[in-house]
Structure formats: structure tokens, C-alpha cells
$ cat entry_32.cif   # mmCIF, C-alpha atoms
data_model
#
loop_
_atom_site.group_PDB
_atom_site.id
_atom_site.type_symbol
_atom_site.label_atom_id
_atom_site.label_comp_id
_atom_site.auth_asym_id
_atom_site.auth_seq_id
_atom_site.Cartn_x
_atom_site.Cartn_y
_atom_site.Cartn_z
ATOM 1 C CA GLN S 1 -6.078 -30.165 -42.801
ATOM 2 C CA SER S 2 -6.307 -26.421 -42.272
ATOM 3 C CA PRO S 3 -4.619 -24.085 -44.803
ATOM 4 C CA LYS S 4 -2.037 -23.210 -42.151
ATOM 5 C CA LYS S 5 -1.016 -26.842 -41.640
ATOM 6 C CA LYS S 6 -0.888 -27.496 -45.385
ATOM 7 C CA ILE S 7 1.346 -24.469 -45.933
ATOM 8 C CA LEU S 8 3.694 -25.389 -43.091
ATOM 9 C CA ASN S 9 3.931 -29.035 -44.140
ATOM 10 C CA ARG S 10 4.873 -27.987 -47.651
ATOM 11 C CA ALA S 11 7.318 -25.308 -46.503
ATOM 12 C CA ILE S 12 9.037 -27.554 -43.943
ATOM 13 C CA PHE S 13 9.461 -30.416 -46.391
ATOM 14 C CA LEU S 14 10.665 -28.031 -49.107
ATOM 15 C CA GLU S 15 13.329 -26.495 -46.868
ATOM 16 C CA THR S 16 14.677 -29.848 -45.655
ATOM 17 C CA ILE S 17 15.509 -30.623 -49.290
ATOM 18 C CA ALA S 18 16.459 -27.099 -50.377
ATOM 19 C CA ALA S 19 19.414 -26.985 -47.966
ATOM 20 C CA ILE S 20 21.101 -29.964 -49.647
ATOM 21 C CA PRO S 21 22.494 -28.473 -52.908
ATOM 22 C CA GLY S 22 24.418 -25.634 -51.253
ATOM 23 C CA MET S 23 26.098 -27.950 -48.757
ATOM 24 C CA VAL S 24 26.939 -30.547 -51.425
ATOM 25 C CA ALA S 25 28.483 -27.862 -53.632
ATOM 26 C CA ALA S 26 30.477 -26.451 -50.713
ATOM 27 C CA ILE S 27 31.787 -29.859 -49.605
ATOM 28 C CA ILE S 28 32.893 -30.886 -53.089
ATOM 29 C CA ARG S 29 34.551 -27.521 -53.693
ATOM 30 C CA HIS S 30 36.204 -27.721 -50.276
ATOM 31 C CA PHE S 31 37.838 -31.072 -51.043
ATOM 32 C CA ARG S 32 38.774 -29.897 -54.528
ATOM 33 C CA SER S 33 40.478 -26.841 -53.034
ATOM 34 C CA LEU S 34 42.426 -29.071 -50.640
ATOM 35 C CA ARG S 35 43.294 -31.547 -53.371
ATOM 36 C CA ASN S 36 44.482 -28.856 -55.785
ATOM 37 C CA MET S 37 46.030 -26.743 -53.001
ATOM 38 C CA ALA S 38 44.381 -23.685 -54.495
ATOM 39 C CA ARG S 39 41.797 -21.101 -53.498
ATOM 40 C CA ASP S 40 38.179 -21.462 -54.533
ATOM 41 C CA GLY S 41 37.564 -17.844 -55.493
ATOM 42 C CA GLY S 42 34.819 -17.301 -52.928
ATOM 43 C CA MET S 43 32.432 -19.943 -54.275
ATOM 44 C CA LEU S 44 32.694 -22.232 -51.256
ATOM 45 C CA ASN S 45 31.718 -19.554 -48.735
ATOM 46 C CA MET S 46 28.749 -18.475 -50.795
ATOM 47 C CA PHE S 47 27.307 -21.978 -51.022
ATOM 48 C CA LEU S 48 27.820 -22.526 -47.290
ATOM 49 C CA GLU S 49 25.854 -19.343 -46.654
ATOM 50 C CA GLU S 50 23.145 -20.545 -49.025
ATOM 51 C CA ALA S 51 22.850 -23.882 -47.216
ATOM 52 C CA ASN S 52 22.718 -22.175 -43.822
ATOM 53 C CA ASN S 53 20.104 -19.729 -45.062
ATOM 54 C CA GLU S 54 17.857 -22.594 -46.167
ATOM 55 C CA ARG S 55 18.419 -24.241 -42.779
ATOM 56 C CA MET S 56 17.267 -21.057 -41.051
ATOM 57 C CA HIS S 57 14.075 -21.195 -43.110
ATOM 58 C CA LEU S 58 13.470 -24.678 -41.718
ATOM 59 C CA LEU S 59 14.270 -23.719 -38.117
ATOM 60 C CA THR S 60 11.817 -20.837 -38.419
ATOM 61 C CA PHE S 61 8.968 -22.954 -39.748
ATOM 62 C CA ILE S 62 9.341 -25.706 -37.152
ATOM 63 C CA ARG S 63 8.783 -23.058 -34.469
ATOM 64 C CA MET S 64 5.262 -22.827 -35.895
ATOM 65 C CA LYS S 65 4.590 -26.558 -36.276
ATOM 66 C CA GLU S 66 6.364 -29.585 -34.838
ATOM 67 C CA PRO S 67 6.628 -32.349 -37.476
ATOM 68 C CA GLY S 68 5.432 -35.827 -36.507
ATOM 69 C CA TYR S 69 7.385 -39.072 -36.692
ATOM 70 C CA LEU S 70 5.957 -40.087 -40.071
ATOM 71 C CA PHE S 71 6.836 -36.706 -41.531
ATOM 72 C CA ARG S 72 10.378 -36.941 -40.171
ATOM 73 C CA ALA S 73 10.756 -40.422 -41.661
ATOM 74 C CA ALA S 74 9.674 -39.084 -45.053
ATOM 75 C CA VAL S 75 12.245 -36.302 -44.751
ATOM 76 C CA ILE S 76 15.045 -38.790 -44.005
ATOM 77 C CA GLY S 77 14.116 -40.855 -47.046
ATOM 78 C CA ALA S 78 13.858 -37.813 -49.303
ATOM 79 C CA GLN S 79 17.186 -36.432 -48.086
ATOM 80 C CA PHE S 80 18.930 -39.735 -48.671
ATOM 81 C CA GLY S 81 17.467 -40.110 -52.164
ATOM 82 C CA PHE S 82 17.910 -36.541 -53.341
ATOM 83 C CA GLY S 83 21.229 -36.095 -51.553
ATOM 84 C CA SER S 84 22.715 -39.177 -53.222
ATOM 85 C CA PHE S 85 21.400 -38.089 -56.609
ATOM 86 C CA PHE S 86 22.660 -34.522 -56.305
ATOM 87 C CA LEU S 87 26.067 -35.543 -54.972
ATOM 88 C CA THR S 88 26.609 -37.877 -57.924
ATOM 89 C CA ALA S 89 25.307 -35.325 -60.404
ATOM 90 C CA TYR S 90 27.520 -32.549 -59.006
ATOM 91 C CA VAL S 91 30.642 -34.640 -59.324
ATOM 92 C CA ILE S 92 29.763 -35.351 -62.959
ATOM 93 C CA ASN S 93 28.403 -31.979 -64.077
ATOM 94 C CA PRO S 94 28.339 -28.979 -61.679
ATOM 95 C CA THR S 95 27.095 -26.670 -64.428
ATOM 96 C CA TRP S 96 23.941 -28.694 -64.959
ATOM 97 C CA CYS S 97 23.391 -28.898 -61.203
ATOM 98 C CA HIS S 98 23.499 -25.134 -60.687
ATOM 99 C CA ARG S 99 21.134 -24.576 -63.579
ATOM 100 C CA PHE S 100 18.832 -27.243 -62.143
ATOM 101 C CA VAL S 101 18.892 -25.601 -58.708
ATOM 102 C CA GLY S 102 18.145 -22.239 -60.327
ATOM 103 C CA TYR S 103 14.931 -23.650 -61.782
ATOM 104 C CA ILE S 104 14.039 -25.359 -58.493
ATOM 105 C CA GLU S 105 14.487 -22.071 -56.652
ATOM 106 C CA GLU S 106 12.192 -20.393 -59.173
ATOM 107 C CA GLU S 107 9.528 -22.947 -58.253
ATOM 108 C CA ALA S 108 10.141 -22.117 -54.597
ATOM 109 C CA CYS S 109 9.611 -18.421 -55.366
ATOM 110 C CA GLN S 110 6.296 -19.248 -56.986
ATOM 111 C CA THR S 111 5.310 -21.394 -53.997
ATOM 112 C CA TYR S 112 5.851 -18.554 -51.538
ATOM 113 C CA THR S 113 4.169 -16.097 -53.900
ATOM 114 C CA LYS S 114 1.080 -18.324 -53.857
ATOM 115 C CA ILE S 115 1.235 -18.529 -50.053
ATOM 116 C CA LEU S 116 1.375 -14.738 -49.787
ATOM 117 C CA LYS S 117 -1.539 -14.411 -52.202
ATOM 118 C CA GLU S 118 -3.592 -16.864 -50.150
ATOM 119 C CA MET S 119 -2.916 -14.730 -47.082
ATOM 120 C CA ASP S 120 -3.844 -11.550 -48.940
ATOM 121 C CA ASP S 121 -7.072 -13.076 -50.243
ATOM 122 C CA ALA S 122 -8.064 -14.701 -46.937
ATOM 123 C CA PRO S 123 -11.257 -13.199 -45.445
ATOM 124 C CA SER S 124 -10.724 -10.927 -42.477
ATOM 125 C CA GLY S 125 -10.972 -12.910 -39.251
ATOM 126 C CA SER S 126 -10.200 -16.251 -40.900
ATOM 127 C CA ASP S 127 -7.538 -18.550 -39.470
ATOM 128 C CA LEU S 128 -5.193 -17.844 -42.388
ATOM 129 C CA ALA S 129 -5.566 -14.073 -42.107
ATOM 130 C CA GLU S 130 -4.999 -14.157 -38.365
ATOM 131 C CA TRP S 131 -1.992 -16.436 -38.753
ATOM 132 C CA GLY S 132 -0.390 -14.034 -41.230
ATOM 133 C CA ALA S 133 -0.727 -11.270 -38.650
ATOM 134 C CA ASP S 134 0.739 -13.368 -35.819
ATOM 135 C CA ASP S 135 4.129 -12.481 -34.387
ATOM 136 C CA ALA S 136 7.057 -14.024 -36.231
ATOM 137 C CA PRO S 137 9.135 -16.544 -34.248
ATOM 138 C CA LYS S 138 11.982 -14.954 -32.308
ATOM 139 C CA ILE S 139 14.555 -16.798 -34.398
ATOM 140 C CA ALA S 140 13.146 -15.129 -37.529
ATOM 141 C CA LYS S 141 13.078 -11.678 -35.949
ATOM 142 C CA GLY S 142 16.721 -12.015 -35.001
ATOM 143 C CA TYR S 143 17.963 -13.538 -38.247
ATOM 144 C CA TRP S 144 16.162 -11.194 -40.661
ATOM 145 C CA HIS S 145 16.029 -8.163 -38.333
ATOM 146 C CA LEU S 146 12.251 -7.977 -38.593
ATOM 147 C CA GLY S 147 11.886 -5.914 -35.433
ATOM 148 C CA GLU S 148 9.506 -6.498 -32.548
ATOM 149 C CA ARG S 149 6.470 -6.139 -34.822
ATOM 150 C CA GLY S 150 7.601 -8.682 -37.425
ATOM 151 C CA THR S 151 4.796 -11.013 -38.505
ATOM 152 C CA VAL S 152 4.439 -14.417 -40.146
ATOM 153 C CA TYR S 153 3.529 -12.569 -43.349
ATOM 154 C CA ASP S 154 6.867 -10.726 -43.154
ATOM 155 C CA VAL S 155 8.634 -14.069 -42.752
ATOM 156 C CA MET S 156 7.068 -15.374 -45.958
ATOM 157 C CA GLN S 157 8.201 -12.247 -47.789
ATOM 158 C CA VAL S 158 11.837 -12.471 -46.677
ATOM 159 C CA VAL S 159 11.957 -16.219 -47.357
ATOM 160 C CA ARG S 160 10.695 -15.578 -50.888
ATOM 161 C CA ALA S 161 13.391 -12.903 -51.317
ATOM 162 C CA ASP S 162 16.042 -15.406 -50.175
ATOM 163 C CA GLU S 163 14.817 -17.992 -52.681
ATOM 164 C CA ALA S 164 14.948 -15.390 -55.455
ATOM 165 C CA GLU S 165 18.553 -14.611 -54.533
ATOM 166 C CA HIS S 166 19.471 -18.304 -54.565
ATOM 167 C CA ARG S 167 17.825 -18.627 -57.982
ATOM 168 C CA ASP S 168 19.826 -15.726 -59.414
ATOM 169 C CA VAL S 169 23.097 -16.906 -57.847
ATOM 170 C CA ASN S 170 22.833 -20.455 -59.192
ATOM 171 C CA HIS S 171 21.945 -19.274 -62.679
ATOM 172 C CA ALA S 172 24.847 -16.790 -62.556
ATOM 173 C CA VAL S 173 27.482 -19.350 -61.561
ATOM 174 C CA SER S 174 26.300 -22.110 -63.909
ATOM 175 C CA GLY S 175 28.788 -22.346 -66.725
ATOM 176 C CA VAL S 176 31.384 -20.178 -64.980
ATOM 177 C CA PRO S 177 34.911 -21.628 -65.425
ATOM 178 C CA GLU S 178 36.347 -23.274 -62.323
ATOM 179 C CA ASP S 179 39.200 -20.778 -61.980
ATOM 180 C CA THR S 180 36.875 -17.733 -62.090
ATOM 181 C CA VAL S 181 36.448 -15.570 -59.011
ATOM 182 C CA ASN S 182 32.869 -15.729 -57.802
ATOM 183 C CA PRO S 183 30.989 -12.898 -59.550
ATOM 184 C CA MET S 184 28.573 -12.680 -56.607
ATOM 185 C CA TYR S 185 31.104 -12.957 -53.785
ATOM 186 C CA ASP S 186 34.568 -11.656 -54.614
ATOM 187 C CA PRO S 187 36.736 -12.051 -51.450
ATOM 188 C CA ARG S 188 38.910 -9.115 -52.501
ATOM 189 C CA VAL S 189 35.915 -6.794 -52.714
ATOM 190 C CA LYS S 190 34.636 -8.079 -49.370
ATOM 191 C CA LEU S 191 38.024 -7.425 -47.747
ATOM 192 C CA ASP S 192 38.131 -3.906 -49.205
ATOM 193 C CA GLU S 193 34.671 -3.204 -47.785
ATOM 194 C CA MET S 194 35.716 -4.495 -44.364
ATOM 195 C CA LEU S 195 38.823 -2.283 -44.363
ATOM 196 C CA LYS S 196 36.806 0.763 -45.440
ATOM 197 C CA LYS S 197 34.313 0.144 -42.650
ATOM 198 C CA TYR S 198 37.145 -0.294 -40.134
ATOM 199 C CA VAL S 199 38.792 2.982 -41.160
ATOM 200 C CA LYS S 200 35.445 4.776 -41.097
ATOM 201 C CA ASP S 201 34.720 3.512 -37.575
ATOM 202 C CA ILE S 202 38.148 4.628 -36.364
ATOM 203 C CA MET S 203 37.698 8.101 -37.863
ATOM 204 C CA GLU S 204 34.229 8.455 -36.324
ATOM 205 C CA LYS S 205 35.618 7.494 -32.912
ATOM 206 C CA GLU S 206 38.399 10.066 -33.230
ATOM 207 C CA VAL S 207 35.914 12.784 -34.180
ATOM 208 C CA SER S 208 33.720 11.789 -31.253
ATOM 209 C CA LYS S 209 36.680 11.967 -28.848
ATOM 210 C CA GLN S 210 37.680 15.409 -30.115
ATOM 211 C CA ALA S 211 34.103 16.654 -29.761
ATOM 212 C CA ASN S 212 33.965 15.424 -26.149
ATOM 213 C CA VAL S 213 37.274 17.119 -25.324
ATOM 214 C CA THR S 214 36.139 20.467 -26.695
#
$ encode --input "entry_32.cif" --output "C-alpha cells"
Amino acid sequence: QSPKKKILNRAIFLETIAAIPGMVAAIIRHFRSLRNMARDGGMLNMFLEEANNERMHLLTFIRMKEPGYLFRAAVIGAQFGFGSFFLTAYVINPTWCHRFVGYIEEEACQTYTKILKEMDDAPSGSDLAEWGADDAPKIAKGYWHLGERGTVYDVMQVVRADEAEHRDVNHAVSGVPEDTVNPMYDPRVKLDEMLKKYVKDIMEKEVSKQANVT
């Protein structure tokens, strides 16, 4: 297999598994919120965003390589096995699960760091070097705002940054009491920021109208 195919196979398989913990955490917290008839403090939304972010990684990579039937079968088996394990573990001990995910995300960071290094060290004109300079898929350009000149190398950089954020978030929330407002995603702060932006936009429009009148 070429280095490009090896990298994509590893990345695609990694992301099909990486999207599981965030969704499991969100689902369990969702039902707990309903059962207790209480708010979740912003945790649920954050883990949904994490799961969707990992899914976007996958959707980006499969634009570069279409997995075969055997690969897809392996993914189904891995998802069933890991998903069942993580669901059971999260019900028993969420703290351990978030710490575990934090370490897994650190491994993901190292994986993408190695991929970037391989691209940097690839001889000029080689398949790997040329692939790194190829245009990023449109879905990646839109999601990460890479611009028209965004490359595959840029995609690897932003994916690594996402994994680093997931690592920090999971380590931060591990051990946090259940009734604590999410330290990374406080809904009250988010609402205040939205209101400030709304007021700022209104004021800018008023200033613009006055300038046009004069």
C-alpha cells in the first residue's frame, strides 16, 4: 500500500471509533436530564458537538478514499464492540471514561503529528508530498473555513487541533461533580455573548443608516 492509502485507512478507522464516546456521553446525560427533570449544565451540548466534529473528520477523509466492503465490515464490528464497552463503562463510571478518552485523544494527536511529519519529510515530487499540497475536499473547506486554497496538509493540522481540544475537554470534565456547570461551555456565558453580539449588530446598523442619511 502507498503511504497515502495507509494514512487514510488509519484515519478513517480511527474517526469511526472516535465519534462514539461523545455521542454515548450525550445520550446518557440526555436521559439523565429527562429522568431527573433538571438541566445538564451545558455538558450535553458539548459532547454532541464533539461527536459531530469527529464525524466531520470521517466525512472529510472518505472524500479522499472510498472504503471497501471488508473495511466497512471491520468498522461495524469495531463500533459494536467498542460502543457496547463504552456504554457500559459510562453508566458505571463516567469519570474514568472521560479520563480514558483524554488519553485516547492524546494518542490521536500523536498520530496526526506523525502524519504531518511524514508529509514534511517527504521528498519533493513524491506522492505523499503532492498529496499534502492537493486541494482539501469542499466539505473540509466549508467546515473549517480553510478558504479556496486550503490543502490536505491544512486538513491534517485542523484535525489535530480538534483532537487536542477533545483531549483537554475530557481531562477537564473528568471528576467534575454532576451538578457543576460545564467549565468549557457555560450556557449563561454563551447567552451573554450572543446578546452582546446582537446589540453590537443593531448599533452598527443604526450607525450605518445615519451615515447613509447624512
$ residues_near_point --input "entry_32.cif" --point "(-3.2, -17.2, -51.0)" --cutoff "12 Å" --atoms "only C-alpha atoms" --output "list in words"
Pro3, Lys4, Lys6, Ile7, Gln110, Thr111, Tyr112, Thr113, Lys114, Ile115, Leu116, Lys117, Glu118, Met119, Asp120, Asp121, Ala122, Pro123, Leu128, Ala129, Gly132, Tyr153 and Met156 of chain S
$ closest_residue --input "entry_32.cif" --among "S:Val173, S:Ser2, S:Leu59, S:Lys138" --to "S:Cys97" --atoms "all atoms listed in the file"
S:Val173
$ resolve_selection --input "entry_32.cif" --expression "the PyMOL selection byres ((chain S and resi 135) around 10)" --output "NGL selection string"
:S and (131-134 or 136-138 or 140-141 or 148-155)
$ resolve_selection --input "entry_32.cif" --expression "the PyMOL selection byres ((chain S and resi 169) around 10)" --output "list in words"
Met46, Phe47, Glu50, His98, Arg99, Val101, Gly102, Glu163, Ala164, Glu165, His166, Arg167, Asp168, Asn170, His171, Ala172, Val173, Ser174, Asn182, Pro183, Met184 and Tyr185 of chain S
$ residues_around --input "entry_32.cif" --residues "S:Tyr143" --least-positions-apart "6" --cutoff "10 Å" --atoms "all atoms listed in the file" --output "PyMOL selection string"
chain S and resi 53+56-57+60
$ atom_distance --input "entry_32.cif" --atom1 "atom CA of S:Asp162" --atom2 "atom CA of S:His30"
23.6 Å
$ closest_residue --input "entry_32.cif" --among "S:Cys109, S:Ile17, S:Ala38, S:Ala26" --to "S:Ser84" --atoms "all atoms listed in the file"
S:Ile17
$ atom_distance --input "entry_32.cif" --atom1 "atom CA of S:Ile20" --atom2 "atom CA of S:Asn52"
9.9 Å
$ closest_residue --input "entry_32.cif" --among "S:Ile27, S:Leu58, S:Leu34, S:Arg160" --to "S:Arg10" --atoms "only C-alpha atoms"
S:Leu58
$ atom_distance --input "entry_32.cif" --atom1 "atom CA of S:Val24" --atom2 "atom CA of S:Phe71"
23.2 Å
